[in-house]
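Below: coords-v6.pdb (PDB, C-alpha atoms)
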ATOM      1  CA  MET A 106      23.986  73.022  76.586
ATOM      2  CA  ALA A 107      20.939  73.764  78.655
ATOM      3  CA  LEU A 108      17.591  72.143  77.978
ATOM      4  CA  LYS A 109      15.029  74.172  76.036
ATOM      5  CA  GLN A 110      11.407  74.133  77.091
ATOM      6  CA  SER A 111      10.330  73.995  73.449
ATOM      7  CA  GLU A 112      12.329  70.815  72.854
ATOM      8  CA  ILE A 113      11.407  68.677  75.850
ATOM      9  CA  LYS A 114       8.269  67.051  77.231
ATOM     10  CA  VAL A 115       7.220  65.187  80.350
ATOM     11  CA  GLY A 116       8.277  61.562  80.078
ATOM     12  CA  ASP A 117      11.460  62.242  78.085
ATOM     13  CA  THR A 118      14.398  60.210  79.339
ATOM     14  CA  TYR A 119      18.160  60.472  79.175
ATOM     15  CA  SER A 120      20.469  57.536  79.993
ATOM     16  CA  GLU A 121      24.179  56.947  80.388
ATOM     17  CA  ARG A 122      26.440  54.180  81.610
ATOM     18  CA  LEU A 123      28.149  55.621  84.687
ATOM     19  CA  VAL A 124      30.846  53.023  85.203
ATOM     20  CA  GLU A 125      31.733  49.579  83.946
ATOM     21  CA  ASP A 126      33.351  47.047  86.302
ATOM     22  CA  LEU A 127      33.903  49.498  89.157
ATOM     23  CA  LYS A 128      37.440  49.176  90.448
ATOM     24  CA  ARG A 129      38.541  49.348  94.076
ATOM     25  CA  THR A 130      41.065  51.938  92.935
ATOM     26  CA  GLN A 131      38.286  54.319  91.926
ATOM     27  CA  ILE A 132      36.725  53.927  95.369
ATOM     28  CA  VAL A 133      40.118  54.795  96.887
ATOM     29  CA  GLN A 134      40.373  57.755  94.501
ATOM     30  CA  TYR A 135      36.998  59.005  95.739
ATOM     31  CA  ALA A 136      38.068  58.528  99.363
ATOM     32  CA  GLY A 137      41.113  60.700  98.742
ATOM     33  CA  ALA A 138      39.237  63.461  96.950
ATOM     34  CA  SER A 139      36.260  63.591  99.296
ATOM     35  CA  GLY A 140      38.180  63.032 102.531
ATOM     36  CA  ASP A 141      35.932  60.135 103.615
ATOM     37  CA  TYR A 142      38.496  57.457 104.527
ATOM     38  CA  ASN A 143      36.023  55.060 106.142
ATOM     39  CA  PRO A 144      37.811  51.658 105.984
ATOM     40  CA  LEU A 145      34.518  50.108 104.835
ATOM     41  CA  HIS A 146      35.347  51.589 101.435
ATOM     42  CA  THR A 147      39.091  51.073 101.248
ATOM     43  CA  ASP A 148      40.239  48.358 103.649
ATOM     44  CA  GLU A 149      39.273  44.852 102.520
ATOM     45  CA  VAL A 150      40.789  43.225 105.637
ATOM     46  CA  PHE A 151      38.821  45.397 108.053
ATOM     47  CA  THR A 152      35.615  45.219 106.050
ATOM     48  CA  THR A 153      35.566  41.445 105.662
ATOM     49  CA  GLU A 154      37.147  40.323 108.950
ATOM     50  CA  VAL A 155      35.864  42.929 111.381
ATOM     51  CA  ALA A 156      32.789  44.573 109.902
ATOM     52  CA  GLY A 157      31.399  41.384 108.385
ATOM     53  CA  TYR A 158      30.765  42.477 104.784
ATOM     54  CA  PRO A 159      31.727  40.355 101.760
ATOM     55  CA  SER A 160      34.074  43.081 100.439
ATOM     56  CA  VAL A 161      34.662  46.804 100.525
ATOM     57  CA  PHE A 162      31.896  48.791  98.849
ATOM     58  CA  ALA A 163      31.547  52.209  97.259
ATOM     59  CA  HIS A 164      30.685  55.353  99.167
ATOM     60  CA  GLY A 165      27.061  56.231  98.512
ATOM     61  CA  MET A 166      28.414  59.659  97.623
ATOM     62  CA  LEU A 167      30.529  58.145  94.833
ATOM     63  CA  THR A 168      27.353  56.782  93.237
ATOM     64  CA  MET A 169      25.664  60.144  93.800
ATOM     65  CA  GLY A 170      28.668  61.904  92.242
ATOM     66  CA  MET A 171      28.666  59.626  89.195
ATOM     67  CA  THR A 172      24.889  60.075  88.825
ATOM     68  CA  GLY A 173      25.432  63.830  89.094
ATOM     69  CA  LYS A 174      27.531  63.623  85.945
ATOM     70  CA  LEU A 175      24.571  62.183  84.053
ATOM     71  CA  LEU A 176      22.377  65.036  85.322
ATOM     72  CA  THR A 177      24.774  67.836  84.412
ATOM     73  CA  ASN A 178      25.433  66.241  81.018
ATOM     74  CA  TYR A 179      21.663  66.396  80.437
ATOM     75  CA  VAL A 180      20.627  69.736  81.949
ATOM     76  CA  GLY A 181      23.855  71.671  81.369
ATOM     77  CA  ASP A 182      26.559  73.121  83.567
ATOM     78  CA  GLY A 183      25.508  75.237  86.535
ATOM     79  CA  ARG A 184      21.813  74.584  85.919
ATOM     80  CA  LEU A 185      20.917  72.334  88.851
ATOM     81  CA  THR A 186      18.992  73.987  91.670
ATOM     82  CA  LYS A 187      18.256  70.799  93.612
ATOM     83  CA  TYR A 188      19.631  67.281  93.647
ATOM     84  CA  GLY A 189      18.724  64.667  96.247
ATOM     85  CA  VAL A 190      18.949  60.892  96.468
ATOM     86  CA  ARG A 191      18.266  57.838  98.573
ATOM     87  CA  PHE A 192      20.851  55.060  98.579
ATOM     88  CA  THR A 193      18.771  51.924  98.145
ATOM     89  CA  SER A 194      21.411  49.237  97.736
ATOM     90  CA  GLN A 195      25.146  48.968  98.098
ATOM     91  CA  VAL A 196      27.530  49.283  95.152
ATOM     92  CA  TRP A 197      30.341  46.734  95.046
ATOM     93  CA  PRO A 198      33.646  46.465  93.182
ATOM     94  CA  GLY A 199      32.915  44.930  89.795
ATOM     95  CA  ASP A 200      29.523  46.571  89.476
ATOM     96  CA  THR A 201      28.438  48.193  86.227
ATOM     97  CA  LEU A 202      26.041  51.091  86.753
ATOM     98  CA  ASP A 203      23.535  52.599  84.341
ATOM     99  CA  SER A 204      21.460  55.640  85.127
ATOM    100  CA  THR A 205      18.359  57.227  83.653
ATOM    101  CA  ALA A 206      16.852  60.646  84.250
ATOM    102  CA  THR A 207      13.164  61.159  83.429
ATOM    103  CA  ILE A 208      11.374  64.490  83.024
ATOM    104  CA  GLU A 209       8.547  64.568  85.562
ATOM    105  CA  ALA A 210       7.385  68.186  85.241
ATOM    106  CA  ILE A 211       8.099  71.383  83.365
ATOM    107  CA  ARG A 212       7.011  74.502  85.218
ATOM    108  CA  ASP A 213       7.428  78.205  85.971
ATOM    109  CA  GLU A 214       8.480  79.443  89.374
ATOM    110  CA  ASP A 215       9.048  83.129  90.079
ATOM    111  CA  GLY A 216       9.561  83.777  86.379
ATOM    112  CA  GLU A 217      12.095  80.985  85.982
ATOM    113  CA  GLN A 218      11.547  77.945  83.787
ATOM    114  CA  LEU A 219      12.303  74.778  85.677
ATOM    115  CA  VAL A 220      12.335  71.077  84.967
ATOM    116  CA  ASP A 221      11.790  68.430  87.649
ATOM    117  CA  LEU A 222      13.518  65.125  87.042
ATOM    118  CA  SER A 223      13.547  61.732  88.658
ATOM    119  CA  VAL A 224      16.761  59.766  88.420
ATOM    120  CA  GLN A 225      17.486  56.121  88.990
ATOM    121  CA  THR A 226      20.772  54.237  88.905
ATOM    122  CA  VAL A 227      20.795  50.451  88.562
ATOM    123  CA  ASN A 228      23.505  47.791  88.676
ATOM    124  CA  GLN A 229      24.152  44.992  86.180
ATOM    125  CA  GLU A 230      21.423  42.873  87.802
ATOM    126  CA  GLY A 231      18.849  45.625  87.411
ATOM    127  CA  ARG A 232      18.803  46.338  91.134
ATOM    128  CA  VAL A 233      18.200  50.015  91.957
ATOM    129  CA  VAL A 234      21.194  51.357  93.898
ATOM    130  CA  LEU A 235      20.202  55.031  93.898
ATOM    131  CA  SER A 236      16.867  56.740  93.495
ATOM    132  CA  GLY A 237      16.526  60.497  93.460
ATOM    133  CA  THR A 238      15.141  63.745  92.137
ATOM    134  CA  ALA A 239      16.588  66.919  90.702
ATOM    135  CA  THR A 240      15.429  70.328  89.557
ATOM    136  CA  ALA A 241      17.173  72.443  86.936
ATOM    137  CA  ARG A 242      16.756  75.796  85.225
ATOM    138  CA  ILE A 243      15.932  75.524  81.528
ATOM    139  CA  ASP A 244      15.691  77.938  78.606
ATOM    140  CA  ASP A 245      12.600  78.903  76.632
TER     141      ASP A 245
ATOM    142  CA  MET B 218      30.654  68.504 110.921
ATOM    143  CA  ALA B 219      31.343  72.154 111.438
ATOM    144  CA  VAL B 220      33.893  73.788 109.161
ATOM    145  CA  GLU B 221      35.213  77.268 109.773
ATOM    146  CA  LYS B 222      37.140  77.566 106.524
ATOM    147  CA  PHE B 223      36.578  75.511 103.378
ATOM    148  CA  PRO B 224      38.656  77.116 100.642
ATOM    149  CA  VAL B 225      37.331  75.986  97.255
ATOM    150  CA  GLU B 226      40.373  75.336  95.071
ATOM    151  CA  ALA B 227      40.793  74.423  91.406
ATOM    152  CA  SER B 228      43.081  71.441  92.049
ATOM    153  CA  HIS B 229      40.648  69.968  94.583
ATOM    154  CA  ILE B 230      37.764  70.346  92.115
ATOM    155  CA  LEU B 231      39.898  68.651  89.425
ATOM    156  CA  MET B 232      40.693  65.699  91.723
ATOM    157  CA  PHE B 233      37.098  65.388  92.868
ATOM    158  CA  ALA B 234      35.733  65.442  89.305
ATOM    159  CA  ARG B 235      38.277  62.775  88.297
ATOM    160  CA  SER B 236      37.236  60.576  91.223
ATOM    161  CA  VAL B 237      33.615  60.475  90.045
ATOM    162  CA  GLY B 238      34.750  59.863  86.466
ATOM    163  CA  ASP B 239      33.602  63.267  85.192
ATOM    164  CA  GLU B 240      35.894  64.731  82.530
ATOM    165  CA  ASN B 241      33.667  67.747  81.835
ATOM    166  CA  PRO B 242      36.086  70.644  81.129
ATOM    167  CA  ILE B 243      33.870  73.024  83.154
ATOM    168  CA  TYR B 244      35.601  71.499  86.197
ATOM    169  CA  SER B 245      39.186  71.945  85.023
ATOM    170  CA  ASP B 246      39.694  74.073  81.906
ATOM    171  CA  GLU B 247      39.730  77.809  82.623
ATOM    172  CA  ALA B 248      39.561  78.853  78.965
ATOM    173  CA  HIS B 249      36.637  76.522  78.261
ATOM    174  CA  ALA B 250      34.855  77.698  81.391
ATOM    175  CA  ALA B 251      35.428  81.379  80.598
ATOM    176  CA  ALA B 252      33.821  80.925  77.179
ATOM    177  CA  SER B 253      30.853  78.987  78.607
ATOM    178  CA  GLU B 254      27.526  80.269  79.861
ATOM    179  CA  VAL B 255      28.724  79.790  83.438
ATOM    180  CA  GLY B 256      31.815  81.926  82.780
ATOM    181  CA  LYS B 257      34.184  80.245  85.193
ATOM    182  CA  ILE B 258      35.164  76.885  86.629
ATOM    183  CA  ILE B 259      32.508  75.526  88.990
ATOM    184  CA  ALA B 260      32.444  72.532  91.311
ATOM    185  CA  PRO B 261      30.527  69.312  90.531
ATOM    186  CA  PRO B 262      27.114  68.995  92.234
ATOM    187  CA  THR B 263      28.270  66.814  95.133
ATOM    188  CA  PHE B 264      31.564  68.612  95.817
ATOM    189  CA  ALA B 265      30.389  70.264  99.041
ATOM    190  CA  GLN B 266      30.701  66.858 100.701
ATOM    191  CA  ALA B 267      34.489  67.253 100.392
ATOM    192  CA  SER B 268      34.284  69.920 103.097
ATOM    193  CA  ALA B 269      35.131  66.937 105.325
ATOM    194  CA  GLN B 270      38.754  67.627 104.315
ATOM    195  CA  PHE B 271      38.558  70.891 106.258
ATOM    196  CA  ASP B 272      36.794  69.609 109.350
ATOM    197  CA  PRO B 273      39.580  69.321 111.945
ATOM    198  CA  ASP B 274      37.646  66.699 113.889
ATOM    199  CA  TYR B 275      36.302  64.613 110.990
ATOM    200  CA  PHE B 276      36.168  61.100 112.411
ATOM    201  CA  LEU B 277      36.608  59.248 109.119
ATOM    202  CA  ARG B 278      40.133  60.608 108.501
ATOM    203  CA  PRO B 279      43.125  58.972 110.207
ATOM    204  CA  LYS B 280      45.214  61.414 112.236
ATOM    205  CA  PRO B 281      48.882  61.068 113.265
ATOM    206  CA  GLY B 282      49.310  59.580 116.724
ATOM    207  CA  LYS B 283      45.613  58.839 117.137
ATOM    208  CA  PRO B 284      44.047  55.361 117.157
ATOM    209  CA  TRP B 285      42.434  54.337 113.869
ATOM    210  CA  PHE B 286      39.972  51.506 113.430
ATOM    211  CA  GLY B 287      41.189  50.252 110.049
ATOM    212  CA  SER B 288      43.635  47.383 109.627
ATOM    213  CA  GLY B 289      47.407  47.516 110.052
ATOM    214  CA  GLY B 290      49.356  44.469 111.095
ATOM    215  CA  GLU B 291      46.083  43.162 112.495
ATOM    216  CA  PRO B 292      42.569  43.442 111.083
ATOM    217  CA  THR B 293      41.927  46.437 113.306
ATOM    218  CA  GLY B 294      44.233  48.609 115.294
ATOM    219  CA  ILE B 295      41.622  49.342 117.932
ATOM    220  CA  LYS B 296      39.960  46.991 120.339
ATOM    221  CA  ARG B 297      36.281  47.577 120.022
ATOM    222  CA  GLU B 298      33.859  46.086 122.481
ATOM    223  CA  SER B 299      31.307  45.490 119.788
ATOM    224  CA  SER B 300      33.484  45.045 116.758
ATOM    225  CA  GLY B 301      32.853  41.342 116.261
ATOM    226  CA  SER B 302      29.820  41.509 114.063
ATOM    227  CA  GLY B 303      29.656  45.160 113.236
ATOM    228  CA  SER B 304      26.913  45.675 115.751
ATOM    229  CA  GLY B 305      28.624  48.605 117.447
ATOM    230  CA  SER B 306      26.984  51.954 117.435
ATOM    231  CA  GLY B 307      28.800  54.753 115.687
ATOM    232  CA  GLY B 308      32.208  55.655 116.949
ATOM    233  CA  GLY B 309      34.012  54.929 113.741
ATOM    234  CA  GLY B 310      31.571  54.403 110.981
ATOM    235  CA  ILE B 311      31.759  50.656 111.474
ATOM    236  CA  ALA B 312      29.056  48.550 109.820
ATOM    237  CA  ALA B 313      26.541  50.283 112.011
ATOM    238  CA  GLY B 314      26.792  53.660 110.261
ATOM    239  CA  LEU B 315      25.728  54.029 106.635
ATOM    240  CA  HIS B 316      24.614  56.894 104.437
ATOM    241  CA  ALA B 317      20.902  56.607 103.627
ATOM    242  CA  GLU B 318      20.043  59.871 101.876
ATOM    243  CA  GLN B 319      21.705  63.057 100.676
ATOM    244  CA  HIS B 320      20.047  66.195  99.326
ATOM    245  CA  PHE B 321      21.525  69.437  98.039
ATOM    246  CA  GLU B 322      19.880  72.736  97.290
ATOM    247  CA  TYR B 323      22.031  75.089  95.223
ATOM    248  CA  HIS B 324      21.482  78.781  95.795
ATOM    249  CA  ARG B 325      24.459  79.313  93.511
ATOM    250  CA  HIS B 326      27.247  77.087  92.210
ATOM    251  CA  ILE B 327      30.603  77.437  93.927
ATOM    252  CA  SER B 328      33.905  78.243  92.209
ATOM    253  CA  PRO B 329      37.634  78.335  92.951
ATOM    254  CA  GLY B 330      38.264  81.340  95.159
ATOM    255  CA  ASP B 331      35.151  80.887  97.254
ATOM    256  CA  VAL B 332      35.881  80.412 100.941
ATOM    257  CA  LEU B 333      32.983  78.645 102.632
ATOM    258  CA  THR B 334      31.895  77.899 106.140
ATOM    259  CA  ALA B 335      29.703  74.943 107.017
ATOM    260  CA  GLU B 336      27.337  75.031 109.946
ATOM    261  CA  VAL B 337      25.647  71.817 110.989
ATOM    262  CA  LYS B 338      22.201  71.735 112.508
ATOM    263  CA  PRO B 339      20.612  68.591 113.907
ATOM    264  CA  GLY B 340      17.525  67.314 112.138
ATOM    265  CA  LYS B 341      14.993  64.620 112.893
ATOM    266  CA  THR B 342      15.675  61.134 114.270
ATOM    267  CA  TRP B 343      13.424  58.166 113.566
ATOM    268  CA  GLU B 344      13.397  54.354 113.725
ATOM    269  CA  LYS B 345      12.230  51.598 111.440
ATOM    270  CA  GLU B 346      12.320  47.796 111.553
ATOM    271  CA  GLY B 347      14.368  46.445 108.625
ATOM    272  CA  LYS B 348      14.106  42.924 107.207
ATOM    273  CA  ARG B 349      17.741  42.739 106.155
ATOM    274  CA  SER B 350      19.504  44.387 109.070
ATOM    275  CA  GLY B 351      17.334  44.527 112.189
ATOM    276  CA  LYS B 352      16.331  47.822 113.739
ATOM    277  CA  LEU B 353      17.259  50.898 111.703
ATOM    278  CA  ILE B 354      17.897  54.228 113.393
ATOM    279  CA  PHE B 355      17.834  57.220 111.052
ATOM    280  CA  ASN B 356      19.464  60.519 111.932
ATOM    281  CA  GLU B 357      19.212  63.689 109.846
ATOM    282  CA  THR B 358      21.631  66.629 109.733
ATOM    283  CA  ILE B 359      21.287  69.927 107.905
ATOM    284  CA  THR B 360      24.472  71.644 106.728
ATOM    285  CA  GLU B 361      24.419  75.276 105.611
ATOM    286  CA  TYR B 362      27.309  76.366 103.435
ATOM    287  CA  ARG B 363      27.917  80.118 103.358
ATOM    288  CA  ASP B 364      30.408  82.031 101.252
ATOM    289  CA  GLN B 365      32.914  84.756 102.136
ATOM    290  CA  ASN B 366      30.086  87.322 102.088
ATOM    291  CA  GLY B 367      27.973  85.305 104.486
ATOM    292  CA  ASP B 368      25.522  84.377 101.735
ATOM    293  CA  LEU B 369      23.946  80.924 101.790
ATOM    294  CA  VAL B 370      25.238  79.017  98.740
ATOM    295  CA  ILE B 371      24.322  75.379  99.403
ATOM    296  CA  THR B 372      21.936  73.754 101.847
ATOM    297  CA  ALA B 373      22.666  70.071 102.380
ATOM    298  CA  ARG B 374      20.530  67.516 104.170
ATOM    299  CA  GLY B 375      22.053  64.171 105.005
ATOM    300  CA  VAL B 376      20.435  61.119 106.554
ATOM    301  CA  GLY B 377      22.566  58.479 108.227
ATOM    302  CA  VAL B 378      21.315  55.078 109.295
ATOM    303  CA  ARG B 379      22.655  52.781 111.968
ATOM    304  CA  THR B 380      21.820  49.107 111.721
ATOM    305  CA  GLU B 381      21.889  46.249 114.220
ATOM    306  CA  ARG B 382      23.910  44.028 111.878
ATOM    307  CA  PRO B 383      25.609  44.398 108.500
ATOM    308  CA  VAL B 384      23.255  44.773 105.592
ATOM    309  CA  ASP B 385      23.155  41.480 103.682
ATOM    310  CA  ALA B 386      24.746  41.597 100.285
ATOM    311  CA  GLY B 387      22.752  40.605  97.265
ATOM    312  CA  GLN B 388      19.370  40.650  98.932
TER     313      GLN B 388
END

Could you quickly redo this structure as structure tokens?
Amino acid sequence: MALKQSEIKVGDTYSERLVEDLKRTQIVQYAGASGDYNPLHTDEVFTTEVAGYPSVFAHGMLTMGMTGKLLTNYVGDGRLTKYGVRFTSQVWPGDTLDSTATIEAIRDEDGEQLVDLSVQTVNQEGRVVLSGTATARIDD
Amino acid sequence: MAVEKFPVEASHILMFARSVGDENPIYSDEAHAAASEVGKIIAPPTFAQASAQFDPDYFLRPKPGKPWFGSGGEPTGIKRESSGSGSGSGGGGIAAGLHAEQHFEYHRHISPGDVLTAEVKPGKTWEKEGKRSGKLIFNETITEYRDQNGDLVITARGVGVRTERPVDAGQ
């Protein structure tokens, strides 16, 4: 269901839990689907012994993909016109991620009704792992 | 990454949606999608990134007979001059290369049956001094995805960052 201009206001928020106790297997699943087989995400031996990280970690794009689910659940299917993020902290196996979208503006552009959103995804410690913005078409 | 032919297929969309934990039937159920406002199956918002599957030279996919920097019998199958602390620059996405930003602009949403091309254009490069990882070098690329009619469907802007040493965990 798309958002309706008459039913939303600036400052409204929408939250979802994206994942609980992220498993290495899901990171591998994302590697397979996306085609990004960087060993930093899938190869614990390489990542700890060669690259010097404490463990493998999630692709930023996995966090962006999971956060995208929150956005489309809120604004409706096929409604996004823009979606952009910064990856502010790494996401590790075992992390639990929660995300919140906030309505920043409701506006008209070339006869279309649009909503601008900010979105932030945090881990179980409250650390921001992804910070972004999105724009979506809405109904009257 | 330049891609001459990125065929958008229903099974790939299904696998991609599963991998991000999204069970929305708009990504897999033809009957549901046909009855929806969209009218057909579409791809999730970040699916264009999977065009890497169709880049013949994509450097983060192992290829038969070619050296690969992940572990086999030993921690890494390739001797790397600078592999000790992850201070190497590029070459295999070692600790030095991380994804800093990603932005998509959707001119329309893509569906099974679309056949896309991806053209990559270089963007800006800039540097910053980081507390956690030494000098940071940012590098931007713009990717234009066009459909079978030559129409621009998605514009993507990615920013990669190379660091002098691995980013500390838990800082």

Would you write out, as CSV, a table of all residues in chain B that have an atom no more than 7 Å from an atom of chain A, listing for each the closest atom pair and the distance in Å to one decimal, considering all atoms listed in the file and ordering rows by chain and rising residue number?
residue,atom,partner,partner_atom,distance
B:Met232,CA,A:Ala138,CA,5.9
B:Phe233,CA,A:Ala138,CA,5.0
B:Ser236,CA,A:Tyr135,CA,4.8
B:Val237,CA,A:Met171,CA,5.1
B:Gly238,CA,A:Met171,CA,6.7
B:Asp239,CA,A:Lys174,CA,6.1
B:Val255,CA,A:Gly183,CA,6.4
B:Pro262,CA,A:Gly173,CA,6.3
B:Thr263,CA,A:Gly170,CA,5.7
B:Gln266,CA,A:Ser139,CA,6.6
B:Ala267,CA,A:Ser139,CA,4.2
B:Ala269,CA,A:Gly140,CA,5.7
B:Gln270,CA,A:Gly140,CA,5.0
B:Leu277,CA,A:Asn143,CA,5.2
B:Arg278,CA,A:Tyr142,CA,5.3
B:Gly287,CA,A:Pro144,CA,5.5
B:Ser288,CA,A:Phe151,CA,5.4
B:Pro292,CA,A:Phe151,CA,5.2
B:Thr293,CA,A:Phe151,CA,6.2
B:Ser300,CA,A:Val155,CA,6.2
B:Gly301,CA,A:Val155,CA,5.9
B:Ser302,CA,A:Gly157,CA,5.9
B:Gly303,CA,A:Ala156,CA,4.6
B:Gly310,CA,A:Asn143,CA,6.6
B:Ile311,CA,A:Ala156,CA,6.4
B:Ala312,CA,A:Ala156,CA,5.5
B:His316,CA,A:Gly165,CA,6.4
B:Ala317,CA,A:Phe192,CA,5.3
B:Glu318,CA,A:Arg191,CA,4.3
B:Gln319,CA,A:Val190,CA,5.5
B:His320,CA,A:Gly189,CA,3.7
B:Phe321,CA,A:Tyr188,CA,5.2
B:Glu322,CA,A:Lys187,CA,4.5
B:Tyr323,CA,A:Thr186,CA,4.8
B:His324,CA,A:Thr186,CA,6.8
B:His326,CA,A:Gly183,CA,6.2
B:Pro383,CA,A:Gly157,CA,6.5

Quiz item: Got a sec to check which residues sit within 6 Å of (8.9, 61.5, 82.2), counting only C-alpha atoms, and write them as a list of chain:residue names?
Solution: A:Val115, A:Gly116, A:Asp117, A:Thr207, A:Ile208, A:Glu209

Atoms to include: C-alpha atoms. Write the selected residues as a short mmCIF file (atom, residue, chain, number, x, y, z; two decimals), keeping the file's coordinate frame.
data_model
loop_
_atom_site.label_atom_id
_atom_site.label_comp_id
_atom_site.auth_asym_id
_atom_site.auth_seq_id
_atom_site.Cartn_x
_atom_site.Cartn_y
_atom_site.Cartn_z
CA VAL A 115 7.22 65.19 80.35
CA GLY A 116 8.28 61.56 80.08
CA ASP A 117 11.46 62.24 78.08
CA THR A 207 13.16 61.16 83.43
CA ILE A 208 11.37 64.49 83.02
CA GLU A 209 8.55 64.57 85.56
#

Quiz item: the PyMOL selection byres ((chain A and resi 227) around 9) on the file shown: which residues, as a PyMOL selection string?
Solution: chain A and resi 201-205+225-226+228-236

Using only C-alpha atoms, can you list as a PDB file with C-alpha atoms, keeping the file's coordinate frame the residues within 10 Å of (38.8, 69.2, 90.2)?
ATOM      1  CA  ALA A 138      39.237  63.461  96.950  1.00  0.00           C
TER       2      ALA A 138
ATOM      3  CA  VAL B 225      37.331  75.986  97.255  1.00  0.00           C
ATOM      4  CA  GLU B 226      40.373  75.336  95.071  1.00  0.00           C
ATOM      5  CA  ALA B 227      40.793  74.423  91.406  1.00  0.00           C
ATOM      6  CA  SER B 228      43.081  71.441  92.049  1.00  0.00           C
ATOM      7  CA  HIS B 229      40.648  69.968  94.583  1.00  0.00           C
ATOM      8  CA  ILE B 230      37.764  70.346  92.115  1.00  0.00           C
ATOM      9  CA  LEU B 231      39.898  68.651  89.425  1.00  0.00           C
ATOM     10  CA  MET B 232      40.693  65.699  91.723  1.00  0.00           C
ATOM     11  CA  PHE B 233      37.098  65.388  92.868  1.00  0.00           C
ATOM     12  CA  ALA B 234      35.733  65.442  89.305  1.00  0.00           C
ATOM     13  CA  ARG B 235      38.277  62.775  88.297  1.00  0.00           C
ATOM     14  CA  SER B 236      37.236  60.576  91.223  1.00  0.00           C
ATOM     15  CA  ASP B 239      33.602  63.267  85.192  1.00  0.00           C
ATOM     16  CA  GLU B 240      35.894  64.731  82.530  1.00  0.00           C
ATOM     17  CA  ASN B 241      33.667  67.747  81.835  1.00  0.00           C
ATOM     18  CA  PRO B 242      36.086  70.644  81.129  1.00  0.00           C
ATOM     19  CA  ILE B 243      33.870  73.024  83.154  1.00  0.00           C
ATOM     20  CA  TYR B 244      35.601  71.499  86.197  1.00  0.00           C
ATOM     21  CA  SER B 245      39.186  71.945  85.023  1.00  0.00           C
ATOM     22  CA  ASP B 246      39.694  74.073  81.906  1.00  0.00           C
ATOM     23  CA  ILE B 258      35.164  76.885  86.629  1.00  0.00           C
ATOM     24  CA  ILE B 259      32.508  75.526  88.990  1.00  0.00           C
ATOM     25  CA  ALA B 260      32.444  72.532  91.311  1.00  0.00           C
ATOM     26  CA  PRO B 261      30.527  69.312  90.531  1.00  0.00           C
ATOM     27  CA  PHE B 264      31.564  68.612  95.817  1.00  0.00           C
ATOM     28  CA  PRO B 329      37.634  78.335  92.951  1.00  0.00           C
TER      29      PRO B 329
END

Exercise. With a distance cut-off of 8 Å and all atoms listed in the file, select the neighbouring residues of stretch 212-220 of chain A, excluding the residue or stretch itself and same-chain residues fewer than 6 positions from it, and output the selection as a list in words.
Key: Gln110, Thr240, Ala241, Arg242, Ile243, Asp244 and Asp245 of chain A

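Put simply, atom CA of B:Phe355 is 22.8 Å away from atom CA of A:Val224.
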
Quiz prompt | Atom pair atom CA of B:Ser268 / atom CA of B:Ser253: separation (Å) | solution = 26.3 Å

Quiz prompt | Output of the PyMOL selection byres ((chain B and resi 333) around 9), listed as a PyMOL selection string | solution = chain B and resi 220-225+268+331-332+334-335+362-365+367+370

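Taking atom CA of B:Glu357 and atom CA of B:Lys280 as endpoints, the distance between them is 26.2 Å.
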
Please put the answer as JSON: centre and edge lengths, in Å with one decimal, of a box along x, y and z that encloses all listed atoms of stretch 124-135 of chain A plus 8 Å on each side.
{"center_x": 36.0, "center_y": 53.0, "center_z": 90.4, "size_x": 26.2, "size_y": 28.0, "size_z": 28.9}

Can I get N, CA, C and O atoms for stretch 283-290 of chain B, as a PDB file, in the first residue's frame?
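What ended up in decode_39.pdb:
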ATOM      1  N   LYS B 283      42.380 -19.185 -12.387  1.00  0.00           N
ATOM      2  CA  LYS B 283      42.985 -17.886 -12.068  1.00  0.00           C
ATOM      3  C   LYS B 283      43.300 -17.821 -10.572  1.00  0.00           C
ATOM      4  O   LYS B 283      42.572 -18.394  -9.763  1.00  0.00           O
ATOM      5  N   PRO B 284      44.371 -17.135 -10.196  1.00  0.00           N
ATOM      6  CA  PRO B 284      44.662 -17.000  -8.758  1.00  0.00           C
ATOM      7  C   PRO B 284      43.514 -16.300  -8.018  1.00  0.00           C
ATOM      8  O   PRO B 284      42.833 -15.449  -8.601  1.00  0.00           O
ATOM      9  N   TRP B 285      43.314 -16.684  -6.795  1.00  0.00           N
ATOM     10  CA  TRP B 285      42.251 -16.086  -5.963  1.00  0.00           C
ATOM     11  C   TRP B 285      42.830 -15.825  -4.586  1.00  0.00           C
ATOM     12  O   TRP B 285      43.583 -16.648  -4.067  1.00  0.00           O
ATOM     13  N   PHE B 286      42.495 -14.686  -4.003  1.00  0.00           N
ATOM     14  CA  PHE B 286      43.180 -14.274  -2.781  1.00  0.00           C
ATOM     15  C   PHE B 286      42.541 -14.779  -1.499  1.00  0.00           C
ATOM     16  O   PHE B 286      43.036 -14.514  -0.418  1.00  0.00           O
ATOM     17  N   GLY B 287      41.466 -15.564  -1.594  1.00  0.00           N
ATOM     18  CA  GLY B 287      40.897 -16.169  -0.396  1.00  0.00           C
ATOM     19  C   GLY B 287      41.684 -17.397   0.030  1.00  0.00           C
ATOM     20  O   GLY B 287      42.643 -17.789  -0.626  1.00  0.00           O
ATOM     21  N   SER B 288      41.263 -18.017   1.143  1.00  0.00           N
ATOM     22  CA  SER B 288      42.025 -19.135   1.683  1.00  0.00           C
ATOM     23  C   SER B 288      41.654 -20.448   1.021  1.00  0.00           C
ATOM     24  O   SER B 288      40.508 -20.674   0.636  1.00  0.00           O
ATOM     25  N   GLY B 289      42.658 -21.330   0.898  1.00  0.00           N
ATOM     26  CA  GLY B 289      42.458 -22.719   0.502  1.00  0.00           C
ATOM     27  C   GLY B 289      43.126 -23.559   1.571  1.00  0.00           C
ATOM     28  O   GLY B 289      42.767 -23.494   2.741  1.00  0.00           O
ATOM     29  N   GLY B 290      44.146 -24.293   1.167  1.00  0.00           N
ATOM     30  CA  GLY B 290      44.931 -25.027   2.154  1.00  0.00           C
ATOM     31  C   GLY B 290      45.689 -24.084   3.078  1.00  0.00           C
ATOM     32  O   GLY B 290      45.975 -24.396   4.225  1.00  0.00           O
TER      33      GLY B 290
END
